[in-house]
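*Asks:* So that you have it, the file is upload-v2.txt, and it contains compact mmCIF, C-alpha atoms:
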# COMPACT_ATOMS: atom_id res chain seq x y z
CA MET A 1 28.59 -31.83 -23.56
CA LYS A 2 31.54 -30.28 -21.74
CA LYS A 3 30.77 -26.94 -23.35
CA ILE A 4 27.16 -27.11 -22.20
CA LYS A 5 28.23 -27.98 -18.66
CA ALA A 6 30.67 -25.09 -18.67
CA LEU A 7 27.96 -22.73 -19.92
CA PHE A 8 25.60 -23.99 -17.23
CA LEU A 9 28.12 -23.50 -14.49
CA LEU A 10 29.10 -20.10 -15.81
CA SER A 11 25.55 -18.77 -16.10
CA MET A 12 24.31 -20.20 -12.82
CA LEU A 13 27.35 -19.15 -10.84
CA SER A 14 27.48 -15.68 -12.31
CA MET A 15 23.76 -15.01 -11.75
CA SER A 16 23.85 -16.36 -8.18
CA MET A 17 27.08 -14.54 -7.38
CA LEU A 18 25.80 -11.28 -8.80
CA MET A 19 22.62 -11.52 -6.75
CA ILE A 20 24.56 -12.38 -3.61
CA VAL A 21 27.08 -9.59 -4.26
CA GLY A 22 24.18 -7.24 -4.90
CA CYS A 23 22.50 -8.35 -1.65
CA SER A 24 25.61 -7.82 0.44
CA LYS A 25 26.33 -4.51 -1.25
CA THR A 26 22.89 -3.10 -0.54
CA GLU A 27 23.14 -4.27 3.06
CA ALA A 28 26.59 -2.76 3.47
CA GLU A 29 25.54 0.56 1.98
CA LYS A 30 22.69 1.06 4.43
CA PRO A 31 23.11 2.64 7.83
CA ALA A 32 23.30 -0.19 10.40
CA GLU A 33 20.20 0.94 12.26
CA THR A 34 17.87 0.57 9.25
CA THR A 35 18.30 -3.18 8.79
CA GLU A 36 16.49 -4.03 12.01
CA THR A 37 13.70 -1.54 11.51
CA GLU A 38 12.23 -2.92 8.29
CA LYS A 39 10.03 -5.41 10.12
CA VAL A 40 8.35 -2.71 12.23
CA GLU A 41 4.98 -2.09 10.58
CA GLY A 42 4.79 1.58 11.42
CA VAL A 43 6.73 4.61 12.55
CA GLY A 44 6.08 6.02 16.04
CA ASP A 45 2.32 6.27 16.49
CA LEU A 46 1.65 5.83 12.78
CA THR A 47 0.33 2.41 11.85
CA LYS A 48 -1.65 1.01 8.93
CA GLU A 49 -4.78 1.36 11.09
CA ASN A 50 -3.87 4.94 12.02
CA PRO A 51 -1.86 6.13 9.01
CA ILE A 52 -2.22 9.91 9.31
CA GLN A 53 -1.57 12.52 11.99
CA VAL A 54 -2.65 16.13 11.69
CA ASN A 55 -0.98 18.72 13.91
CA LYS A 56 -2.76 22.06 13.56
CA GLU A 57 -0.39 23.90 15.93
CA GLU A 58 2.68 22.94 13.95
CA GLY A 59 0.88 23.02 10.61
CA THR A 60 1.93 19.50 9.70
CA VAL A 61 0.32 16.42 8.22
CA THR A 62 2.31 13.19 8.63
CA PHE A 63 1.38 9.94 6.95
CA LEU A 64 2.70 6.39 6.95
CA ALA A 65 4.35 5.05 3.82
CA GLN A 66 6.71 2.31 2.73
CA VAL A 67 9.84 2.53 0.58
CA ASN A 68 9.53 0.97 -2.89
CA GLY A 69 13.09 -0.02 -3.77
CA LYS A 70 12.24 -0.43 -7.45
CA TYR A 71 12.48 3.32 -7.89
CA PHE A 72 16.05 3.40 -6.60
CA TYR A 73 16.88 2.03 -10.03
CA GLU A 74 14.04 3.10 -12.34
CA PRO A 75 12.60 6.57 -12.92
CA THR A 76 9.15 7.53 -11.69
CA ARG A 77 6.90 10.58 -11.64
CA HIS A 78 5.39 9.84 -8.24
CA ALA A 79 6.83 10.56 -4.81
CA ALA A 80 3.92 9.06 -2.84
CA VAL A 81 0.78 7.19 -3.88
CA PHE A 82 -1.91 5.47 -1.80
CA ALA A 83 -1.13 1.74 -1.88
CA ASP A 84 -4.68 0.78 -2.94
CA GLY A 85 -4.83 3.35 -5.74
CA SER A 86 -4.23 2.26 -9.34
CA ASN A 87 -0.77 3.87 -9.18
CA GLY A 88 -0.01 2.36 -5.77
CA GLU A 89 3.10 0.54 -6.98
CA LYS A 90 4.41 3.43 -9.10
CA ALA A 91 5.89 5.67 -6.40
CA VAL A 92 9.04 5.90 -4.31
CA PHE A 93 6.73 5.83 -1.26
CA ARG A 94 3.73 3.49 -1.07
CA GLY A 95 1.37 5.52 1.11
CA PHE A 96 -1.14 4.03 3.54
CA VAL A 97 -3.36 7.09 3.68
CA ASN A 98 -5.88 7.65 0.89
CA HIS A 99 -6.04 10.80 -1.21
CA GLU A 100 -9.25 12.03 0.43
CA ASP A 101 -7.84 11.82 3.96
CA LEU A 102 -4.64 13.60 2.92
CA TYR A 103 -6.69 16.36 1.26
CA ASN A 104 -8.84 16.78 4.38
CA GLY A 105 -5.75 16.80 6.59
CA LEU A 106 -4.15 19.57 4.55
CA ILE A 107 -7.37 21.61 4.67
CA GLU A 108 -7.46 21.06 8.45
CA ILE A 109 -4.04 22.68 8.92
CA GLY A 110 -5.27 25.68 6.94
CA ALA A 111 -3.61 24.98 3.59
CA LYS A 112 -5.22 26.58 0.51
CA ALA A 113 -5.52 24.53 -2.65
CA GLY A 114 -4.52 26.07 -5.99
CA GLU A 115 -7.20 24.23 -8.01
CA ASN A 116 -5.66 25.58 -11.23
CA MET A 117 -4.79 22.27 -12.92
CA THR A 118 -7.14 20.64 -15.41
CA LEU A 119 -6.79 17.70 -17.77
CA ASP A 120 -6.68 20.23 -20.64
CA ASN A 121 -4.10 22.71 -19.33
CA LYS A 122 -1.84 20.21 -17.55
CA GLU A 123 1.03 20.38 -20.07
CA THR A 124 1.28 24.16 -20.01
CA THR A 125 0.46 25.00 -16.40
CA ASN A 126 2.48 24.82 -13.19
CA VAL A 127 0.54 23.79 -10.12
CA GLN A 128 -0.37 26.53 -7.65
CA GLY A 129 -1.48 26.42 -4.02
CA ASP A 130 0.21 26.58 -0.66
CA ALA A 131 3.74 25.19 -0.49
CA PHE A 132 5.07 22.52 1.86
CA ASP A 133 8.37 21.42 3.30
CA VAL A 134 8.28 17.67 2.85
CA SER A 135 10.49 15.44 4.96
CA VAL A 136 10.86 11.70 5.47
CA ASN A 137 11.75 9.95 8.70
CA TRP A 138 11.90 6.35 9.85
CA THR A 139 12.65 4.36 12.98
CA GLY A 140 16.38 4.40 13.59
CA ALA A 141 17.13 7.29 11.24
CA GLU A 142 19.61 9.82 12.58
CA LYS A 143 17.39 12.65 11.39
CA ALA A 144 14.56 13.31 8.98
CA VAL A 145 15.65 13.84 5.37
CA THR A 146 14.15 16.42 3.04
CA ILE A 147 12.33 15.37 -0.12
CA ASP A 148 15.24 16.83 -2.10
CA GLU A 149 17.60 14.43 -0.33
CA ALA A 150 15.23 11.47 -0.58
CA ILE A 151 14.40 11.86 -4.27
CA LYS A 152 17.01 12.69 -6.89
CA ASP A 153 16.07 15.22 -9.59
CA SER A 154 18.35 14.66 -12.61
CA ASN A 155 18.56 18.44 -13.13
CA GLY A 156 19.21 19.19 -9.45
CA THR A 157 16.18 21.51 -9.34
CA PRO A 158 14.63 21.78 -5.86
CA ILE A 159 11.28 20.00 -5.54
CA ASP A 160 8.51 22.54 -4.88
CA ILE A 161 5.48 20.68 -3.53
CA ARG A 162 2.21 22.63 -3.79
CA PHE A 163 -1.33 21.87 -2.67
CA GLY A 164 -3.01 21.46 -6.05
CA GLY A 165 -6.27 20.18 -4.54
CA ASN A 166 -7.90 18.20 -7.37
CA LEU A 167 -10.02 16.13 -4.97
CA LYS A 168 -12.88 15.59 -7.43
CA THR A 169 -10.57 14.41 -10.21
CA ALA A 170 -8.63 12.28 -7.71
CA MET A 171 -11.86 10.63 -6.56
CA ASP A 172 -12.92 10.01 -10.18
CA LYS A 173 -9.58 8.62 -11.38
CA LYS A 174 -8.79 6.62 -8.20
CA THR A 175 -5.06 6.68 -8.93
CA GLY A 176 -4.30 7.33 -5.26
CA CYS A 177 -1.76 10.04 -6.13
CA LEU A 178 -0.64 11.94 -3.00
CA ILE A 179 2.58 13.68 -4.11
CA CYS A 180 3.36 13.84 -7.85
CA LEU A 181 6.75 14.94 -9.11
CA ASP A 182 5.48 17.16 -11.91
CA SER A 183 2.44 19.48 -11.90
CA CYS A 184 -0.56 17.17 -11.89
CA PRO A 185 -4.31 17.61 -12.38
CA VAL A 186 -5.01 14.46 -10.33
CA GLY A 187 -2.50 14.41 -7.49
CA ILE A 188 -3.52 16.13 -4.25
CA THR A 189 -0.10 17.78 -4.13
CA SER A 190 2.52 18.02 -6.86
CA ASN A 191 5.79 19.61 -7.88
CA ALA A 192 5.45 23.12 -9.30
CA SER A 193 8.98 23.00 -10.72
CA TYR A 194 7.81 21.09 -13.81
CA THR A 195 4.70 20.91 -15.96
CA TYR A 196 2.91 17.61 -16.59
CA GLY A 197 4.71 15.54 -19.19
CA SER A 198 8.21 16.62 -18.17
CA VAL A 199 8.98 13.07 -17.00
CA GLU A 200 7.12 10.97 -19.54
CA LYS A 201 6.79 13.07 -22.67
CA THR A 202 9.48 15.74 -23.00
CA LYS A 203 11.81 13.80 -20.67
CA THR A 204 13.36 16.98 -19.37
CA VAL A 205 13.82 15.40 -15.95
CA GLU A 206 14.17 11.99 -14.27
CA PHE A 207 13.28 11.31 -10.65
CA MET A 208 14.59 8.35 -8.65
CA GLY A 209 14.65 7.45 -4.98
CA ASN A 210 18.04 8.06 -3.39
CA LYS A 211 19.27 4.63 -2.32
CA ASP A 212 22.25 6.16 -0.52
CA ILE A 213 19.94 8.10 1.81
CA LEU A 214 16.71 6.13 2.12
CA PRO A 215 16.36 2.83 3.99
CA GLU A 216 15.93 -0.39 2.04
CA ASP A 217 12.86 -1.58 0.18
CA GLY A 218 9.90 -2.32 2.43
CA THR A 219 10.95 -0.05 5.30
CA TYR A 220 8.12 1.97 6.81
CA VAL A 221 8.62 5.72 6.80
CA ALA A 222 6.74 8.78 8.00
CA VAL A 223 6.26 11.47 5.37
CA THR A 224 5.68 14.90 6.91
CA MET A 225 4.20 17.82 4.98
CA LYS A 226 4.75 21.10 6.82
CA LEU A 227 2.87 24.12 5.58
CA LYS A 228 5.27 26.90 4.59
CA LYS A 229 4.36 30.23 6.13
CA MET B 1 6.97 -34.63 -19.44
CA ALA B 2 7.15 -32.83 -16.07
CA ILE B 3 10.83 -32.05 -16.60
CA ARG B 4 10.12 -30.77 -20.09
CA VAL B 5 7.30 -28.50 -18.83
CA GLY B 6 9.50 -27.34 -15.96
CA LYS B 7 12.26 -26.47 -18.41
CA PHE B 8 9.94 -24.40 -20.57
CA ILE B 9 8.45 -22.63 -17.55
CA PHE B 10 11.95 -21.47 -16.66
CA TRP B 11 12.74 -20.63 -20.29
CA GLY B 12 9.56 -18.50 -20.33
CA LEU B 13 10.54 -16.87 -17.05
CA ILE B 14 13.92 -15.83 -18.47
CA TRP B 15 12.34 -14.33 -21.61
CA GLY B 16 9.60 -12.72 -19.53
CA TYR B 17 12.28 -10.94 -17.50
CA MET B 18 13.98 -9.76 -20.67
CA ILE B 19 10.71 -8.38 -22.06
CA ALA B 20 9.86 -6.75 -18.70
CA LEU B 21 13.28 -5.06 -18.61
CA PHE B 22 12.81 -3.83 -22.15
CA LEU B 23 9.28 -2.50 -21.48
CA SER B 24 10.27 -0.79 -18.22
CA ARG B 25 12.70 1.40 -20.17
CA SER B 26 9.62 3.41 -21.18
CA THR B 27 8.62 5.52 -18.16
CA TRP B 28 5.30 6.29 -19.87
CA LEU B 29 4.49 2.58 -20.13
CA GLU B 30 5.89 1.78 -16.70
CA MET B 31 3.68 4.44 -15.08
CA ARG B 32 0.53 3.02 -16.69
CA PHE B 33 0.94 -0.73 -16.78
CA ASN B 34 2.41 -3.50 -14.72
CA THR B 35 5.18 -4.32 -17.21
CA SER B 36 6.25 -7.25 -15.02
CA LEU B 37 3.12 -9.09 -16.20
CA SER B 38 5.18 -10.08 -19.24
CA ILE B 39 6.99 -12.47 -16.87
CA LEU B 40 3.68 -14.12 -15.96
CA ALA B 41 2.59 -14.18 -19.63
CA MET B 42 5.83 -15.77 -20.83
CA THR B 43 5.81 -18.29 -17.98
CA LEU B 44 2.29 -19.35 -18.97
CA LEU B 45 3.42 -19.53 -22.59
CA GLY B 46 6.25 -21.73 -21.37
CA VAL B 47 3.69 -24.12 -19.82
CA VAL B 48 1.79 -24.30 -23.13
CA ILE B 49 4.96 -24.83 -25.18
CA GLY B 50 6.06 -27.47 -22.68
CA PHE B 51 3.08 -29.58 -23.71
CA ILE B 52 3.75 -29.21 -27.45
CA LYS B 53 6.08 -32.09 -28.09
CA ASN B 54 7.43 -31.03 -31.48
CA ILE B 55 8.87 -27.74 -30.18
CA ASN B 56 12.37 -28.14 -28.87
CA VAL B 57 15.00 -25.72 -27.62
CA LYS B 58 18.65 -26.70 -27.50
CA LYS B 59 20.43 -26.43 -24.18
CA ARG B 60 22.91 -23.94 -25.53
CA TRP B 61 20.11 -21.50 -26.46
CA PHE B 62 18.78 -21.65 -22.95
CA PHE B 63 22.15 -20.85 -21.43
CA ILE B 64 22.81 -18.12 -23.98
CA SER B 65 19.42 -16.57 -23.03
CA GLU B 66 20.34 -16.74 -19.38
CA ILE B 67 23.69 -15.03 -19.95
CA LEU B 68 21.93 -12.47 -22.15
CA LEU B 69 19.54 -11.68 -19.29
CA ILE B 70 22.44 -11.15 -16.87
CA MET B 71 24.15 -8.86 -19.37
CA LEU B 72 20.91 -6.99 -19.98
CA LEU B 73 20.38 -6.49 -16.22
CA ILE B 74 23.88 -5.11 -15.77
CA ALA B 75 23.72 -2.93 -18.88
CA THR B 76 20.30 -1.55 -17.94
CA TYR B 77 20.97 -0.65 -14.32
CA LYS B 78 24.76 -0.25 -14.35
CA ASP B 79 24.73 -1.12 -10.65
CA PHE B 80 25.29 -4.57 -9.15
CA SER B 81 23.09 -3.72 -6.16
CA ALA B 82 20.11 -3.59 -8.57
CA LEU B 83 20.47 -7.37 -9.00
CA ALA B 84 19.43 -7.87 -5.39
CA VAL B 85 16.34 -5.71 -5.81
CA ILE B 86 14.95 -5.58 -9.34
CA PRO B 87 14.54 -9.33 -10.15
CA ALA B 88 12.81 -9.89 -6.80
CA ILE B 89 10.50 -6.87 -7.13
CA LYS B 90 9.58 -7.76 -10.72
CA PHE B 91 8.89 -11.33 -9.60
CA LYS B 92 6.57 -10.04 -6.84
CA GLU B 93 4.77 -7.77 -9.30
CA ALA B 94 4.44 -10.49 -11.93
CA PHE B 95 2.89 -13.10 -9.67
CA PHE B 96 1.01 -10.71 -7.36
CA LEU B 97 3.18 -11.67 -4.38
CA ASN B 98 3.43 -8.23 -2.80
CA PHE B 99 3.10 -9.75 0.66
CA LEU B 100 6.60 -11.21 0.29
CA SER B 101 9.51 -9.21 1.68
CA LEU B 102 12.39 -8.41 -0.63
CA PHE B 103 14.50 -11.04 1.16
CA GLN B 104 11.82 -13.73 0.78
CA ALA B 105 11.33 -12.88 -2.89
CA ASN B 106 15.09 -13.06 -3.47
CA ILE B 107 15.19 -16.53 -1.89
CA VAL B 108 12.37 -17.69 -4.18
CA VAL B 109 14.11 -16.25 -7.27
CA ILE B 110 17.45 -17.87 -6.34
CA LEU B 111 15.72 -21.22 -5.71
CA LEU B 112 13.95 -20.97 -9.07
CA LEU B 113 17.27 -20.16 -10.69
CA ILE B 114 18.89 -23.23 -9.20
CA VAL B 115 15.95 -25.56 -9.95
CA GLY B 116 15.60 -24.19 -13.50
CA ASN B 117 19.26 -24.69 -14.28
CA ILE B 118 19.25 -28.21 -12.84
CA LEU B 119 16.22 -29.06 -15.00
CA TRP B 120 18.02 -27.85 -18.10
CA CYS B 121 20.99 -30.05 -17.22
CA ILE B 122 18.86 -33.17 -16.85
CA LYS B 123 18.74 -35.22 -20.02
CA SER B 124 15.00 -35.63 -20.63
CA LYS B 125 13.60 -38.66 -22.45
CA LYS B 126 12.53 -38.10 -26.02
Just give me the structure of the file as structure tokens.
*Replies:*
Amino acid sequence: MKKIKALFLLSMLSMSMLMIVGCSKTEAEKPAETTETEKVEGVGDLTKENPIQVNKEEGTVTFLAQVNGKYFYEPTRHAAVFADGSNGEKAVFRGFVNHEDLYNGLIEIGAKAGENMTLDNKETTNVQGDAFDVSVNWTGAEKAVTIDEAIKDSNGTPIDIRFGGNLKTAMDKKTGCLICLDSCPVGITSNASYTYGSVEKTKTVEFMGNKDILPEDGTYVAVTMKLKK
Amino acid sequence: MAIRVGKFIFWGLIWGYMIALFLSRSTWLEMRFNTSLSILAMTLLGVVIGFIKNINVKKRWFFISEILLIMLLIATYKDFSALAVIPAIKFKEAFFLNFLSLFQANIVVILLLIVGNILWCIKSKK
């Protein structure tokens, strides 16, 4: 009986302590200004009701998203996915704009889609199309961070986001993919640095959100895609 | 009977977490399925087993499972801060509670942990 009690105390205390230690550690690691911003359901003028802004003069499309802390610890092949898409919970950023609106926004700023990815050539083809500088900002952040700072590539290769297009396939598949981290025949934009399957099949790369840079799980962020000239 | 069912719900929850952790090691699987549903499945299995009177689990096996889960969590993520995020997020995914904040989900998980352990320490009538 004493042994059982000791086991009980040991397991309960250790689990609780570890969770509490984990909680305090994640809090301590974050910049002070981010802890108060998590409850704000938007960033600047971006809200769930108005989740996208298109600026033709600057050549930018900015959309509202939310940090998914799961991918600080587990690998993913998605940078941003529309929350209501079938892959909505599989990305570092849960987007609040749908794939069709993002596509139209990118067209509006004059971006040209590559349209070279198909379900048949996906494993041998790198996505083409206009390139973007992608940055992430949030209320209270000192400055916007680049996608290379926000998402860790295990090989250290720069992330090269291209406008793949793929609207028809995206509408058919309804995955909600906005920014994929390897060349994708479904995602509106994706990373030309790797072919499809690099994350899941050949495992040549792992992508994870950078918990040392990004705010904590649930924080609303603005993802800006600026057309490279 | 309620205590017995409660015990097995928590037993199922612990094993569900272990299965979810194991399944999430496959990025291919993780990107296609909600692997946290194993927590829901095992919890429901726990309810069923709770009503089957001739199935019994000794206390020591429960506590060993619990310690095993902690070890598995640490070995998998190699980062104590993951303990404040992953169990709560998997719990939200398993029970479709995405409206909960991470903090709220952590509170629920810690409360379940406390209640579950207390149940396993109560001597139930045979």
*Asks:* Provide as a PDB file with C-alpha atoms, in the frame of the given file the residues of chain B at most 10 Å from chain A, counting all atoms listed in the file.
*Replies:*
ATOM      1  CA  SER B  24      10.270  -0.790 -18.220  1.00  0.00           C
ATOM      2  CA  ARG B  25      12.700   1.400 -20.170  1.00  0.00           C
ATOM      3  CA  SER B  26       9.620   3.410 -21.180  1.00  0.00           C
ATOM      4  CA  THR B  27       8.620   5.520 -18.160  1.00  0.00           C
ATOM      5  CA  TRP B  28       5.300   6.290 -19.870  1.00  0.00           C
ATOM      6  CA  LEU B  29       4.490   2.580 -20.130  1.00  0.00           C
ATOM      7  CA  GLU B  30       5.890   1.780 -16.700  1.00  0.00           C
ATOM      8  CA  MET B  31       3.680   4.440 -15.080  1.00  0.00           C
ATOM      9  CA  ARG B  32       0.530   3.020 -16.690  1.00  0.00           C
ATOM     10  CA  PHE B  33       0.940  -0.730 -16.780  1.00  0.00           C
ATOM     11  CA  ASN B  34       2.410  -3.500 -14.720  1.00  0.00           C
ATOM     12  CA  LYS B  59      20.430 -26.430 -24.180  1.00  0.00           C
ATOM     13  CA  ARG B  60      22.910 -23.940 -25.530  1.00  0.00           C
ATOM     14  CA  TRP B  61      20.110 -21.500 -26.460  1.00  0.00           C
ATOM     15  CA  PHE B  62      18.780 -21.650 -22.950  1.00  0.00           C
ATOM     16  CA  PHE B  63      22.150 -20.850 -21.430  1.00  0.00           C
ATOM     17  CA  ILE B  64      22.810 -18.120 -23.980  1.00  0.00           C
ATOM     18  CA  SER B  65      19.420 -16.570 -23.030  1.00  0.00           C
ATOM     19  CA  GLU B  66      20.340 -16.740 -19.380  1.00  0.00           C
ATOM     20  CA  ILE B  67      23.690 -15.030 -19.950  1.00  0.00           C
ATOM     21  CA  LEU B  68      21.930 -12.470 -22.150  1.00  0.00           C
ATOM     22  CA  LEU B  69      19.540 -11.680 -19.290  1.00  0.00           C
ATOM     23  CA  ILE B  70      22.440 -11.150 -16.870  1.00  0.00           C
ATOM     24  CA  MET B  71      24.150  -8.860 -19.370  1.00  0.00           C
ATOM     25  CA  ILE B  74      23.880  -5.110 -15.770  1.00  0.00           C
ATOM     26  CA  THR B  76      20.300  -1.550 -17.940  1.00  0.00           C
ATOM     27  CA  TYR B  77      20.970  -0.650 -14.320  1.00  0.00           C
ATOM     28  CA  LYS B  78      24.760  -0.250 -14.350  1.00  0.00           C
ATOM     29  CA  ASP B  79      24.730  -1.120 -10.650  1.00  0.00           C
ATOM     30  CA  PHE B  80      25.290  -4.570  -9.150  1.00  0.00           C
ATOM     31  CA  SER B  81      23.090  -3.720  -6.160  1.00  0.00           C
ATOM     32  CA  ALA B  82      20.110  -3.590  -8.570  1.00  0.00           C
ATOM     33  CA  LEU B  83      20.470  -7.370  -9.000  1.00  0.00           C
ATOM     34  CA  ALA B  84      19.430  -7.870  -5.390  1.00  0.00           C
ATOM     35  CA  VAL B  85      16.340  -5.710  -5.810  1.00  0.00           C
ATOM     36  CA  ILE B  86      14.950  -5.580  -9.340  1.00  0.00           C
ATOM     37  CA  PRO B  87      14.540  -9.330 -10.150  1.00  0.00           C
ATOM     38  CA  ALA B  88      12.810  -9.890  -6.800  1.00  0.00           C
ATOM     39  CA  ILE B  89      10.500  -6.870  -7.130  1.00  0.00           C
ATOM     40  CA  LYS B  90       9.580  -7.760 -10.720  1.00  0.00           C
ATOM     41  CA  GLU B  93       4.770  -7.770  -9.300  1.00  0.00           C
ATOM     42  CA  ASN B  98       3.430  -8.230  -2.800  1.00  0.00           C
ATOM     43  CA  LEU B 100       6.600 -11.210   0.290  1.00  0.00           C
ATOM     44  CA  SER B 101       9.510  -9.210   1.680  1.00  0.00           C
ATOM     45  CA  LEU B 102      12.390  -8.410  -0.630  1.00  0.00           C
ATOM     46  CA  PHE B 103      14.500 -11.040   1.160  1.00  0.00           C
ATOM     47  CA  ASN B 106      15.090 -13.060  -3.470  1.00  0.00           C
ATOM     48  CA  VAL B 109      14.110 -16.250  -7.270  1.00  0.00           C
ATOM     49  CA  ILE B 110      17.450 -17.870  -6.340  1.00  0.00           C
ATOM     50  CA  LEU B 111      15.720 -21.220  -5.710  1.00  0.00           C
ATOM     51  CA  LEU B 113      17.270 -20.160 -10.690  1.00  0.00           C
ATOM     52  CA  ILE B 114      18.890 -23.230  -9.200  1.00  0.00           C
ATOM     53  CA  GLY B 116      15.600 -24.190 -13.500  1.00  0.00           C
ATOM     54  CA  ASN B 117      19.260 -24.690 -14.280  1.00  0.00           C
ATOM     55  CA  ILE B 118      19.250 -28.210 -12.840  1.00  0.00           C
ATOM     56  CA  TRP B 120      18.020 -27.850 -18.100  1.00  0.00           C
ATOM     57  CA  CYS B 121      20.990 -30.050 -17.220  1.00  0.00           C
TER      58      CYS B 121
END
*Asks:* Find the residue from B:Ile19, B:Val5, B:Trp11, B:Phe95 that sits nearest to Val48 (chain B); use all atoms listed in the file when measuring.
*Replies:*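 Answer, going by the shortest atom-to-atom distance: B:Val5.
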*Asks:* Could you list, as a list in words, every residue within 10 Å of Phe8 (chain B), counting all atoms listed in the file and ignoring same-chain residues fewer than 2 positions away?
*Replies:*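 Listed by chain and then number, they are Ala2, Ile3, Arg4, Val5, Gly6, Phe10, Trp11, Gly12, Leu13, Ile14, Met42, Thr43, Leu44, Leu45, Gly46, Val47, Val48, Ile49, Gly50, Phe51, Asn56, Val57, Phe62, Gly116, Leu119 and Trp120 of chain B.
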*Asks:* Fewer than 6 positions away in the same chain doesn't count, so skip those; otherwise give me all residues within 10 Å of Glu49 (chain A), counting all atoms listed in the file, as a PDB file with C-alpha atoms, in the frame of the given file.
*Replies:*
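Written file, result.pdb:
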ATOM      1  CA  GLY A  42       4.790   1.580  11.420  1.00  0.00           C
ATOM      2  CA  LEU A  64       2.700   6.390   6.950  1.00  0.00           C
ATOM      3  CA  PHE A  96      -1.140   4.030   3.540  1.00  0.00           C
ATOM      4  CA  VAL A  97      -3.360   7.090   3.680  1.00  0.00           C
TER       5      VAL A  97
END
*Asks:* Leaving out Gly85 (chain A) and any residue of its chain fewer than 6 positions from it, which residues lie within 9 Å of it when counting all atoms listed in the file, given as a list in words?
*Replies:*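 Counting all atoms listed in the file, the residues come to Asn98, His99, Lys174, Thr175, Gly176 and Cys177 of chain A.
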*Asks:* As an exercise, work out the distance from CA of Val205 (chain A) to CA of Ala80 (chain A) in Å and give it to one decimal place.
*Replies:*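 Straight-line distance from CA of Val205 (chain A) to CA of Ala80 (chain A) works out to 17.6 Å.
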*Asks:* Counting only C-alpha atoms, what is within 6 Å of region 39-41 of chain B, bar same-chain residues fewer than 4 positions away, as a count of residues only?
*Replies:* 4
*Asks:* Report, in Å to a single decimal, how far apart CA of Asn210 (chain A) and CA of Gly165 (chain A) are.
*Replies:*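 CA of Asn210 (chain A) lies 27.2 Å from CA of Gly165 (chain A).
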*Asks:* Counting all atoms listed in the file, which residues have an atom no more than 10 Å from (-3.2, 24.7, -6.1) in the file's coordinates? Please list them as a count of residues only.
*Replies:* 26
*Asks:* By how many Å are CA of Phe82 (chain A) and CA of Leu119 (chain A) apart?
*Replies:* 20.7 Å
*Asks:* Could you tell me which of B:Ile9, B:Ala105, B:Val115, B:Met18 comes closest to Phe91 (chain B) if we count only C-alpha atoms?
*Replies:*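 When distances to Phe91 (chain B) are compared using only C-alpha atoms, the smallest one comes from B:Ala105.
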